[in-house]
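Have a look at target.cif below; it lists mmCIF, C-alpha atoms and all ligand atoms.
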data_coords
#
loop_
_atom_site.group_PDB
_atom_site.id
_atom_site.type_symbol
_atom_site.label_atom_id
_atom_site.label_comp_id
_atom_site.auth_asym_id
_atom_site.auth_seq_id
_atom_site.Cartn_x
_atom_site.Cartn_y
_atom_site.Cartn_z
ATOM 1 C CA MET A 1498 73.411 11.142 2.414
ATOM 2 C CA SER A 1499 73.971 8.073 0.212
ATOM 3 C CA ALA A 1500 71.274 5.541 -0.480
ATOM 4 C CA GLU A 1501 70.915 2.569 1.818
ATOM 5 C CA VAL A 1502 72.172 -0.694 0.398
ATOM 6 C CA LEU A 1503 71.237 -2.753 3.444
ATOM 7 C CA ARG A 1504 68.846 -2.020 6.284
ATOM 8 C CA VAL A 1505 68.327 -4.471 9.114
ATOM 9 C CA GLU A 1506 65.445 -3.413 11.344
ATOM 10 C CA LYS A 1507 64.561 -4.719 14.817
ATOM 11 C CA LEU A 1508 65.837 -8.120 13.797
ATOM 12 C CA ASP A 1509 65.170 -11.129 15.992
ATOM 13 C CA ALA A 1510 66.827 -14.233 14.593
ATOM 14 C CA GLY A 1511 68.403 -17.562 15.444
ATOM 15 C CA TYR A 1512 68.210 -21.229 14.592
ATOM 16 C CA GLY A 1513 65.059 -23.248 15.173
ATOM 17 C CA LYS A 1514 63.970 -22.351 18.700
ATOM 18 C CA PHE A 1515 67.362 -20.940 19.624
ATOM 19 C CA HIS A 1516 67.265 -17.149 19.833
ATOM 20 C CA VAL A 1517 70.559 -15.380 18.976
ATOM 21 C CA LEU A 1518 69.727 -11.802 17.879
ATOM 22 C CA PHE A 1519 67.466 -9.379 19.720
ATOM 23 C CA GLY A 1520 66.147 -6.197 18.097
ATOM 24 C CA VAL A 1521 69.202 -5.598 15.922
ATOM 25 C CA ASP A 1522 69.268 -2.411 13.806
ATOM 26 C CA LEU A 1523 72.052 -1.964 11.251
ATOM 27 C CA VAL A 1524 72.471 0.038 8.045
ATOM 28 C CA VAL A 1525 75.049 -0.063 5.245
ATOM 29 C CA ARG A 1526 74.955 2.905 2.859
ATOM 30 C CA GLN A 1527 76.252 3.029 -0.696
ATOM 31 C CA GLY A 1528 80.068 3.235 -0.699
ATOM 32 C CA GLU A 1529 80.538 2.510 2.986
ATOM 33 C CA ILE A 1530 82.732 0.033 4.796
ATOM 34 C CA VAL A 1531 80.765 -0.897 7.898
ATOM 35 C CA VAL A 1532 82.589 -2.886 10.571
ATOM 36 C CA LEU A 1533 80.776 -5.329 12.844
ATOM 37 C CA LEU A 1534 82.655 -6.234 16.017
ATOM 38 C CA GLY A 1535 81.806 -8.355 19.032
ATOM 39 C CA PRO A 1536 83.014 -11.164 21.249
ATOM 40 C CA ASN A 1537 82.911 -14.814 20.154
ATOM 41 C CA GLY A 1538 79.373 -16.123 20.095
ATOM 42 C CA ALA A 1539 77.811 -12.640 20.071
ATOM 43 C CA GLY A 1540 75.878 -13.440 16.893
ATOM 44 C CA LYS A 1541 77.928 -11.655 14.201
ATOM 45 C CA SER A 1542 77.855 -14.570 11.781
ATOM 46 C CA THR A 1543 74.204 -15.170 12.601
ATOM 47 C CA LEU A 1544 73.415 -11.604 11.548
ATOM 48 C CA LEU A 1545 75.058 -12.167 8.160
ATOM 49 C CA ASN A 1546 73.366 -15.562 7.914
ATOM 50 C CA ALA A 1547 69.992 -13.943 8.594
ATOM 51 C CA VAL A 1548 70.525 -11.418 5.785
ATOM 52 C CA VAL A 1549 70.965 -14.209 3.234
ATOM 53 C CA GLY A 1550 68.266 -16.506 4.648
ATOM 54 C CA MET A 1551 70.618 -18.976 6.340
ATOM 55 C CA ALA A 1552 69.304 -18.243 9.829
ATOM 56 C CA ASP A 1553 65.669 -18.116 10.945
ATOM 57 C CA VAL A 1554 64.099 -14.671 11.280
ATOM 58 C CA PHE A 1555 61.566 -14.434 14.145
ATOM 59 C CA GLY A 1556 60.823 -10.741 13.837
ATOM 60 C CA GLY A 1557 61.927 -7.521 12.168
ATOM 61 C CA ARG A 1558 62.961 -6.890 8.563
ATOM 62 C CA VAL A 1559 65.873 -7.120 6.161
ATOM 63 C CA VAL A 1560 65.730 -4.580 3.328
ATOM 64 C CA LEU A 1561 68.111 -4.616 0.364
ATOM 65 C CA SER A 1562 68.255 -1.441 -1.737
ATOM 66 C CA GLY A 1563 64.682 -0.650 -0.722
ATOM 67 C CA ARG A 1564 63.298 -4.152 -1.270
ATOM 68 C CA ASP A 1565 62.123 -6.327 1.596
ATOM 69 C CA ILE A 1566 64.105 -9.592 1.442
ATOM 70 C CA THR A 1567 63.258 -10.935 4.907
ATOM 71 C CA GLY A 1568 63.424 -14.725 4.898
ATOM 72 C CA LYS A 1569 64.296 -15.038 1.202
ATOM 73 C CA PRO A 1570 66.495 -18.065 0.446
ATOM 74 C CA PRO A 1571 70.264 -17.618 -0.149
ATOM 75 C CA HIS A 1572 70.256 -18.082 -3.937
ATOM 76 C CA GLU A 1573 67.620 -15.363 -4.363
ATOM 77 C CA VAL A 1574 69.389 -12.891 -2.107
ATOM 78 C CA MET A 1575 72.647 -13.510 -3.934
ATOM 79 C CA LYS A 1576 70.947 -12.995 -7.279
ATOM 80 C CA MET A 1577 69.784 -9.638 -5.949
ATOM 81 C CA GLY A 1578 73.376 -8.468 -5.484
ATOM 82 C CA VAL A 1579 74.696 -9.772 -2.177
ATOM 83 C CA ALA A 1580 77.990 -11.663 -2.023
ATOM 84 C CA TYR A 1581 78.739 -13.494 1.214
ATOM 85 C CA VAL A 1582 82.179 -14.824 2.016
ATOM 86 C CA MET A 1583 81.441 -17.052 4.987
ATOM 87 C CA GLN A 1584 83.661 -17.507 7.985
ATOM 88 C CA SER A 1585 85.903 -20.495 7.414
ATOM 89 C CA PRO A 1586 85.458 -23.019 8.884
ATOM 90 C CA ASN A 1587 81.746 -22.385 9.521
ATOM 91 C CA ASN A 1588 78.916 -24.206 11.299
ATOM 92 C CA PHE A 1589 77.365 -25.369 8.042
ATOM 93 C CA GLY A 1590 80.474 -27.242 6.878
ATOM 94 C CA THR A 1591 80.396 -25.161 3.702
ATOM 95 C CA PRO A 1592 83.797 -24.756 2.028
ATOM 96 C CA ASN A 1593 84.177 -21.303 0.473
ATOM 97 C CA VAL A 1594 86.049 -22.500 -2.635
ATOM 98 C CA PHE A 1595 85.782 -25.554 -4.912
ATOM 99 C CA GLY A 1596 88.755 -27.695 -3.840
ATOM 100 C CA GLU A 1597 88.940 -29.927 -6.897
ATOM 101 C CA LEU A 1598 88.934 -27.003 -9.349
ATOM 102 C CA THR A 1599 91.901 -24.802 -10.213
ATOM 103 C CA VAL A 1600 91.935 -21.139 -9.273
ATOM 104 C CA TYR A 1601 90.953 -20.190 -12.801
ATOM 105 C CA GLU A 1602 88.184 -22.801 -12.964
ATOM 106 C CA ASN A 1603 86.853 -21.546 -9.625
ATOM 107 C CA LEU A 1604 86.603 -18.041 -11.060
ATOM 108 C CA LEU A 1605 84.845 -19.362 -14.167
ATOM 109 C CA ALA A 1606 82.410 -21.369 -12.042
ATOM 110 C CA ALA A 1607 81.561 -18.275 -10.011
ATOM 111 C CA SER A 1608 80.828 -16.294 -13.153
ATOM 112 C CA ILE A 1609 78.371 -18.661 -14.805
ATOM 113 C CA GLY A 1610 75.717 -16.625 -16.558
ATOM 114 C CA LEU A 1611 77.923 -13.601 -17.291
ATOM 115 C CA PRO A 1612 78.819 -12.652 -20.881
ATOM 116 C CA ARG A 1613 82.264 -13.900 -21.934
ATOM 117 C CA ASP A 1614 83.960 -10.487 -22.237
ATOM 118 C CA GLU A 1615 82.672 -9.514 -18.837
ATOM 119 C CA VAL A 1616 84.097 -12.712 -17.356
ATOM 120 C CA SER A 1617 87.600 -11.911 -18.582
ATOM 121 C CA ARG A 1618 87.262 -8.331 -17.370
ATOM 122 C CA ARG A 1619 86.212 -9.495 -13.912
ATOM 123 C CA ILE A 1620 89.029 -12.045 -13.753
ATOM 124 C CA GLU A 1621 91.543 -9.303 -14.607
ATOM 125 C CA GLU A 1622 89.949 -7.188 -11.881
ATOM 126 C CA VAL A 1623 90.498 -9.820 -9.192
ATOM 127 C CA TYR A 1624 94.013 -10.598 -10.473
ATOM 128 C CA SER A 1625 94.953 -6.962 -10.044
ATOM 129 C CA LEU A 1626 93.436 -6.999 -6.561
ATOM 130 C CA PHE A 1627 95.298 -10.212 -5.645
ATOM 131 C CA PRO A 1628 98.255 -10.594 -8.074
ATOM 132 C CA LYS A 1629 99.200 -13.874 -6.391
ATOM 133 C CA LEU A 1630 96.091 -15.492 -7.860
ATOM 134 C CA ARG A 1631 97.334 -14.900 -11.392
ATOM 135 C CA GLU A 1632 100.488 -16.898 -10.610
ATOM 136 C CA LEU A 1633 98.371 -19.619 -9.018
ATOM 137 C CA ARG A 1634 95.731 -19.800 -11.725
ATOM 138 C CA ASP A 1635 96.383 -23.457 -12.589
ATOM 139 C CA ARG A 1636 96.652 -24.743 -9.022
ATOM 140 C CA LYS A 1637 93.827 -26.774 -7.513
ATOM 141 C CA ALA A 1638 92.164 -24.804 -4.740
ATOM 142 C CA LYS A 1639 92.632 -27.632 -2.239
ATOM 143 C CA PHE A 1640 96.396 -27.100 -2.462
ATOM 144 C CA LEU A 1641 96.273 -23.359 -1.723
ATOM 145 C CA SER A 1642 97.554 -21.950 1.567
ATOM 146 C CA GLY A 1643 94.997 -20.483 3.967
ATOM 147 C CA GLY A 1644 95.716 -16.943 2.811
ATOM 148 C CA GLU A 1645 95.622 -17.844 -0.873
ATOM 149 C CA ARG A 1646 92.358 -19.680 -0.413
ATOM 150 C CA GLN A 1647 90.878 -16.662 1.323
ATOM 151 C CA MET A 1648 91.975 -14.431 -1.587
ATOM 152 C CA LEU A 1649 90.163 -16.802 -3.915
ATOM 153 C CA ALA A 1650 87.049 -16.919 -1.712
ATOM 154 C CA ILE A 1651 86.774 -13.117 -1.789
ATOM 155 C CA SER A 1652 87.403 -13.102 -5.537
ATOM 156 C CA LEU A 1653 84.592 -15.592 -6.107
ATOM 157 C CA GLY A 1654 82.297 -13.202 -4.277
ATOM 158 C CA LEU A 1655 83.338 -10.387 -6.603
ATOM 159 C CA MET A 1656 82.756 -12.152 -9.920
ATOM 160 C CA LYS A 1657 79.134 -11.068 -10.216
ATOM 161 C CA LYS A 1658 79.916 -7.510 -9.134
ATOM 162 C CA PRO A 1659 77.680 -7.443 -6.053
ATOM 163 C CA THR A 1660 76.225 -4.250 -4.601
ATOM 164 C CA LEU A 1661 76.980 -5.541 -1.105
ATOM 165 C CA LEU A 1662 79.917 -7.702 -0.076
ATOM 166 C CA MET A 1663 79.694 -9.332 3.357
ATOM 167 C CA LEU A 1664 83.008 -10.621 4.691
ATOM 168 C CA ASP A 1665 83.073 -12.748 7.835
ATOM 169 C CA GLU A 1666 86.510 -12.651 9.458
ATOM 170 C CA PRO A 1667 88.481 -12.606 6.208
ATOM 171 C CA THR A 1668 91.842 -12.244 7.974
ATOM 172 C CA ALA A 1669 91.358 -14.996 10.587
ATOM 173 C CA GLY A 1670 94.408 -17.214 10.854
ATOM 174 C CA LEU A 1671 96.500 -15.197 8.402
ATOM 175 C CA ALA A 1672 100.158 -14.272 8.940
ATOM 176 C CA PRO A 1673 100.447 -10.696 10.270
ATOM 177 C CA LYS A 1674 102.212 -9.585 7.088
ATOM 178 C CA LEU A 1675 99.298 -10.766 4.983
ATOM 179 C CA VAL A 1676 96.675 -9.153 7.205
ATOM 180 C CA GLY A 1677 97.729 -5.660 6.072
ATOM 181 C CA GLU A 1678 97.547 -6.766 2.450
ATOM 182 C CA PHE A 1679 93.984 -7.988 2.956
ATOM 183 C CA PHE A 1680 92.824 -4.776 4.578
ATOM 184 C CA HIS A 1681 94.336 -2.877 1.660
ATOM 185 C CA ALA A 1682 92.481 -5.114 -0.799
ATOM 186 C CA ILE A 1683 89.196 -4.613 1.060
ATOM 187 C CA LYS A 1684 89.613 -0.859 0.819
ATOM 188 C CA GLU A 1685 90.381 -1.194 -2.907
ATOM 189 C CA ILE A 1686 87.188 -3.193 -3.422
ATOM 190 C CA ARG A 1687 85.230 -0.233 -2.088
ATOM 191 C CA ASP A 1688 87.369 2.530 -3.658
ATOM 192 C CA LYS A 1689 87.963 1.056 -7.134
ATOM 193 C CA LEU A 1690 85.004 -1.277 -7.612
ATOM 194 C CA GLY A 1691 82.507 0.846 -5.688
ATOM 195 C CA ILE A 1692 81.157 -2.109 -3.722
ATOM 196 C CA SER A 1693 79.682 -1.453 -0.265
ATOM 197 C CA ILE A 1694 81.090 -3.693 2.451
ATOM 198 C CA LEU A 1695 79.893 -5.213 5.711
ATOM 199 C CA LEU A 1696 82.981 -6.514 7.472
ATOM 200 C CA VAL A 1697 83.077 -8.780 10.529
ATOM 201 C CA GLU A 1698 86.522 -8.735 12.126
ATOM 202 C CA GLN A 1699 88.429 -9.855 15.222
ATOM 203 C CA ASN A 1700 91.248 -7.519 14.251
ATOM 204 C CA ALA A 1701 89.378 -4.502 15.595
ATOM 205 C CA ARG A 1702 92.081 -1.866 15.363
ATOM 206 C CA LYS A 1703 92.884 -2.464 11.692
ATOM 207 C CA ALA A 1704 89.234 -2.845 10.765
ATOM 208 C CA LEU A 1705 88.332 0.446 12.423
ATOM 209 C CA GLU A 1706 91.125 2.160 10.442
ATOM 210 C CA ILE A 1707 89.500 1.309 7.105
ATOM 211 C CA GLY A 1708 85.893 1.404 8.357
ATOM 212 C CA ASP A 1709 83.541 4.373 8.064
ATOM 213 C CA ARG A 1710 81.091 3.283 10.725
ATOM 214 C CA ALA A 1711 81.053 0.494 13.251
ATOM 215 C CA TYR A 1712 78.618 -1.589 15.267
ATOM 216 C CA VAL A 1713 79.399 -3.626 18.341
ATOM 217 C CA LEU A 1714 77.255 -6.669 18.995
ATOM 218 C CA VAL A 1715 77.293 -8.249 22.468
ATOM 219 C CA THR A 1716 75.136 -11.280 23.310
ATOM 220 C CA GLY A 1717 72.838 -10.592 20.387
ATOM 221 C CA ARG A 1718 72.260 -6.882 21.027
ATOM 222 C CA ILE A 1719 73.819 -3.799 19.434
ATOM 223 C CA LYS A 1720 75.794 -1.975 22.136
ATOM 224 C CA TYR A 1721 77.439 0.664 19.939
ATOM 225 C CA SER A 1722 76.764 2.227 16.590
ATOM 226 C CA GLY A 1723 78.631 5.226 15.286
ATOM 227 C CA ALA A 1724 81.762 6.488 13.572
ATOM 228 C CA ALA A 1725 84.574 3.938 13.378
ATOM 229 C CA LYS A 1726 87.072 6.636 14.357
ATOM 230 C CA GLU A 1727 85.334 7.265 17.660
ATOM 231 C CA LEU A 1728 85.655 3.689 18.829
ATOM 232 C CA ASP A 1729 88.996 3.347 20.606
ATOM 233 C CA GLU A 1730 90.352 0.195 22.164
ATOM 234 C CA GLU A 1731 89.444 1.239 25.685
ATOM 235 C CA LYS A 1732 85.797 1.856 24.788
ATOM 236 C CA LEU A 1733 85.699 -1.383 22.856
ATOM 237 C CA ALA A 1734 87.130 -3.424 25.723
ATOM 238 C CA SER A 1735 84.559 -2.017 28.115
ATOM 239 C CA LEU A 1736 81.721 -2.768 25.648
ATOM 240 C CA PHE A 1737 82.977 -6.342 25.198
ATOM 241 C CA LEU A 1738 82.929 -6.761 28.967
ATOM 242 C CA GLY A 1739 79.348 -5.550 29.122
ATOM 243 C CA GLY A 1740 80.020 -1.886 29.981
HETATM 244 N N1 LIG B 1801 73.975 -23.181 12.417
HETATM 245 C C1 LIG B 1801 73.745 -23.028 13.732
HETATM 246 N N2 LIG B 1801 72.803 -23.759 14.364
HETATM 247 C C2 LIG B 1801 72.555 -23.598 15.687
HETATM 248 N N3 LIG B 1801 73.191 -22.693 16.471
HETATM 249 C C3 LIG B 1801 74.136 -21.931 15.894
HETATM 250 C C4 LIG B 1801 74.464 -22.041 14.503
HETATM 251 N N4 LIG B 1801 75.436 -21.151 14.226
HETATM 252 C C5 LIG B 1801 75.690 -20.504 15.390
HETATM 253 N N5 LIG B 1801 74.918 -20.968 16.386
HETATM 254 C C6 LIG B 1801 74.906 -20.459 17.774
HETATM 255 O O1 LIG B 1801 74.526 -19.089 17.724
HETATM 256 C C7 LIG B 1801 75.281 -18.316 18.643
HETATM 257 C C8 LIG B 1801 75.959 -17.162 17.907
HETATM 258 O O2 LIG B 1801 76.927 -17.701 17.019
HETATM 259 P P1 LIG B 1801 77.629 -16.860 15.880
HETATM 260 O O3 LIG B 1801 78.373 -17.842 15.055
HETATM 261 O O4 LIG B 1801 76.645 -16.002 15.208
HETATM 262 O O5 LIG B 1801 78.614 -15.937 16.740
HETATM 263 P P2 LIG B 1801 79.819 -15.016 16.226
HETATM 264 O O6 LIG B 1801 79.629 -13.685 16.858
HETATM 265 O O7 LIG B 1801 79.924 -15.082 14.780
HETATM 266 O O8 LIG B 1801 81.072 -15.732 16.936
HETATM 267 P P3 LIG B 1801 82.610 -15.916 16.397
HETATM 268 O O9 LIG B 1801 83.296 -14.631 16.702
HETATM 269 O O10 LIG B 1801 83.118 -17.033 17.263
HETATM 270 O O11 LIG B 1801 82.564 -16.252 14.956
HETATM 271 C C9 LIG B 1801 76.251 -19.258 19.315
HETATM 272 O O12 LIG B 1801 75.725 -19.585 20.582
HETATM 273 C C10 LIG B 1801 76.280 -20.475 18.407
HETATM 274 O O13 LIG B 1801 76.517 -21.635 19.133
HETATM 275 MG MG MG B 1802 81.341 -15.785 13.514
#
Write out the structure in this file as structure tokens.
Ligand SMILES: Nc1ncnc2c1ncn2[C@@H]1O[C@H](COP(=O)(O)OP(=O)(O)OP(=O)(O)O)[C@@H](O)[C@H]1O
Ligand SMILES: [Mg+2]
Amino acid sequence: MSAEVLRVEKLDAGYGKFHVLFGVDLVVRQGEIVVLLGPNGAGKSTLLNAVVGMADVFGGRVVLSGRDITGKPPHEVMKMGVAYVMQSPNNFGTPNVFGELTVYENLLAASIGLPRDEVSRRIEEVYSLFPKLRELRDRKAKFLSGGERQMLAISLGLMKKPTLLMLDEPTAGLAPKLVGEFFHAIKEIRDKLGISILLVEQNARKALEIGDRAYVLVTGRIKYSGAAKELDEEKLASLFLGG
């Protein structure tokens, strides 16, 4: 069995005194795409927030590649190899791209600290993942369409070649035609770049097609964990309804 990239153990978390997650256990192994599903307000984003120190942890542990990172602040967790593409819009009012910079400048900004030849290699990598971005390289990010901006947001996460990429509803609000393209790109990120992925999605059927394992979170508790293939729509609907 592959090594664990992320282990969340008996996690209790929330914001201030507000309790959102209760005893959550979740693992992402090297090379896996793990899908996290659940109704609105279940706590999916809070779980990702807790991993990077953006939510308060009341109990339990977060372990990254064997190292305890519970409660570490976002910049430290990211330095340790986690990329987090937040849901957009999110509760923190954080934009996921730099609007006043061009696509190319955004990519450069996200790669500060990397050697120059590595920067160009990474930029080529994301251009081949999302060819549209190459055409748009000189456009300011604030003028991009929703889908284009999301391509850029994911690309920014990839610049430092993370060990774990966490994507929160990357296909929300996209045209159906584009949704397929995104799922393909996500699979490529795992297959070609070897990056393990934790994917939160509303588009359950498509996510389960590319996912290895899945978790279902309902009102802050894990109600299913197992093979993605074994989770059909009927089972999922009954879990969402509290079955
Ligand atoms: N920054 C925050 N401060 C306080 N409460 C928050 C914050 N973010 C989320 N919450 C609350 O935590 C609960 C879980 O929200 P969360 O965003 O984790 O759900 P979710 O499963 O991601 O939902 P969605 O599918 O709508 O994105 C909700 O009741 C929400 O109101
Ligand atoms: Mg969310």
- Query: Between A:Asn1587, A:Ser1625, A:Thr1716, A:Thr1668, which has the minimum distance to ligand MG 1802 (chain B) (counting only C-alpha atoms and all ligand atoms)?
  - Reply: A:Asn1587
List every residue of chain A that has an atom at most 7 Å from any atom of ligand LIG 1801 (chain B), giving for each one its closest atom pair and the distance in Å to one decimal, counting all atoms listed in the file, sorted by chain and then by ascending residue number, as a tab-separated table.
residue	atom	partner	partner_atom	distance
A:Gly1511	CA	B:LIG1801	O1	6.7
A:Tyr1512	CA	B:LIG1801	C2	5.1
A:Phe1515	CA	B:LIG1801	N3	6.9
A:Val1517	CA	B:LIG1801	C7	5.6
A:Gly1535	CA	B:LIG1801	O6	6.2
A:Pro1536	CA	B:LIG1801	O9	5.7
A:Asn1537	CA	B:LIG1801	O9	3.5
A:Gly1538	CA	B:LIG1801	O5	3.4
A:Ala1539	CA	B:LIG1801	O6	3.8
A:Gly1540	CA	B:LIG1801	O4	3.2
A:Lys1541	CA	B:LIG1801	O6	3.8
A:Ser1542	CA	B:LIG1801	O7	3.7
A:Thr1543	CA	B:LIG1801	O4	3.7
A:Leu1544	CA	B:LIG1801	O4	6.6
A:Asn1588	CA	B:LIG1801	N1	5.2
A:Phe1589	CA	B:LIG1801	N1	6.0
- Give as a ChimeraX atom specification the set of residues within 10 Å of the point (86.0, -2.5, 19.5), where distances use the file's coordinates and all atoms listed in the file. /A:1532-1536,1698-1702,1704-1705,1711-1714,1721,1725,1727-1737
- Message: So the first atom is atom CA of Phe1519 of chain A and the second is atom CA of Lys1507 of chain A; what is the distance between them in Å, to one decimal place?
- Response: 7.4 Å
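Residues in contact range of segment 1627-1629 of chain A, defined as at most 8 Å between only C-alpha atoms, with sequence neighbours fewer than 2 positions away removed, read Val1623, Tyr1624, Ser1625, Arg1631, Glu1632, Leu1633, Glu1645, Met1648 and Ala1682 of chain A.
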- Message: Selection in question (the file shown): the PyMOL selection byres (((chain A and resi 1591-1605) around 10) and not hetatm). Which residues does it include, as a VMD selection string?
- Response: chain A and resid 1581 to 1590 1606 to 1611 1613 1616 to 1617 1619 to 1620 1623 1630 to 1641 1645 to 1647 1649 to 1656
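Evaluating the PyMOL selection byres (((chain A and resi 1561) around 9) and not hetatm) against the shown model yields A:Glu1501, A:Val1502, A:Leu1503, A:Arg1504, A:Val1505, A:Val1559, A:Val1560, A:Ser1562, A:Gly1563, A:Arg1564, A:Asp1565, A:Ile1566, A:Val1574, A:Met1577, A:Gly1578, A:Val1579.
Across the structure, atom CA of Leu1661 of chain A and atom CA of Arg1618 of chain A are spaced 19.4 Å apart.
Atom CA of Lys1657 of chain A is found 29.6 Å from atom CA of Pro1673 of chain A.
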Can you pull out the residues contacting Gly1513 of chain A? Cut-off 10 Å, using only C-alpha atoms, and skip same-chain residues under 2 positions away; I want them as a PDB file with C-alpha atoms, in the coordinates of the input.
ATOM      1  CA  ALA A1510      66.827 -14.233  14.593  1.00  0.00           C
ATOM      2  CA  GLY A1511      68.403 -17.562  15.444  1.00  0.00           C
ATOM      3  CA  PHE A1515      67.362 -20.940  19.624  1.00  0.00           C
ATOM      4  CA  HIS A1516      67.265 -17.149  19.833  1.00  0.00           C
ATOM      5  CA  ALA A1552      69.304 -18.243   9.829  1.00  0.00           C
ATOM      6  CA  ASP A1553      65.669 -18.116  10.945  1.00  0.00           C
ATOM      7  CA  VAL A1554      64.099 -14.671  11.280  1.00  0.00           C
ATOM      8  CA  PHE A1555      61.566 -14.434  14.145  1.00  0.00           C
TER       9      PHE A1555
END
- Query: Near Met1575 of chain A, counting only C-alpha atoms, which residues have an atom at most 9 Å away, once you skip same-chain residues fewer than 5 positions from it, shown as a ChimeraX atom specification?
  - Reply: /A:1549,1570,1580-1581,1659
Kindly save the residues from that selection, with C-alpha atoms included, as a PDB file, in the frame of the given file.
ATOM      1  CA  VAL A1549      70.965 -14.209   3.234  1.00  0.00           C
ATOM      2  CA  PRO A1570      66.495 -18.065   0.446  1.00  0.00           C
ATOM      3  CA  ALA A1580      77.990 -11.663  -2.023  1.00  0.00           C
ATOM      4  CA  TYR A1581      78.739 -13.494   1.214  1.00  0.00           C
ATOM      5  CA  PRO A1659      77.680  -7.443  -6.053  1.00  0.00           C
TER       6      PRO A1659
END
Write out as an mmCIF file with C-alpha atoms, keeping the file's coordinate frame each polymer residue whose atoms come within 10 Å of His1681 of chain A, counting all atoms listed in the file; drop sequence neighbours fewer than 6 positions from it.
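File produced: selection-v8.cif:
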data_model
loop_
_atom_site.group_PDB
_atom_site.id
_atom_site.type_symbol
_atom_site.label_atom_id
_atom_site.label_comp_id
_atom_site.auth_asym_id
_atom_site.auth_seq_id
_atom_site.Cartn_x
_atom_site.Cartn_y
_atom_site.Cartn_z
ATOM 1 C CA LEU A 1626 93.436 -6.999 -6.561
ATOM 2 C CA LEU A 1675 99.298 -10.766 4.983
ATOM 3 C CA ILE A 1707 89.500 1.309 7.105
#
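Of the residues under consideration (A:Gly1739, A:Gly1568, A:Gly1677, A:Gly1528), A:Gly1528 shows the shortest atom-to-atom contact distance to Leu1695 of chain A when counting all atoms listed in the file.
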- Find the residues around Gly1708 of chain A up to 9 Å (all atoms listed in the file counted), leave out those fewer than 5 positions away in its own chain, and share them as a VMD selection string. chain A and resid 1529 to 1532 1684 1696 1703 1724 to 1726
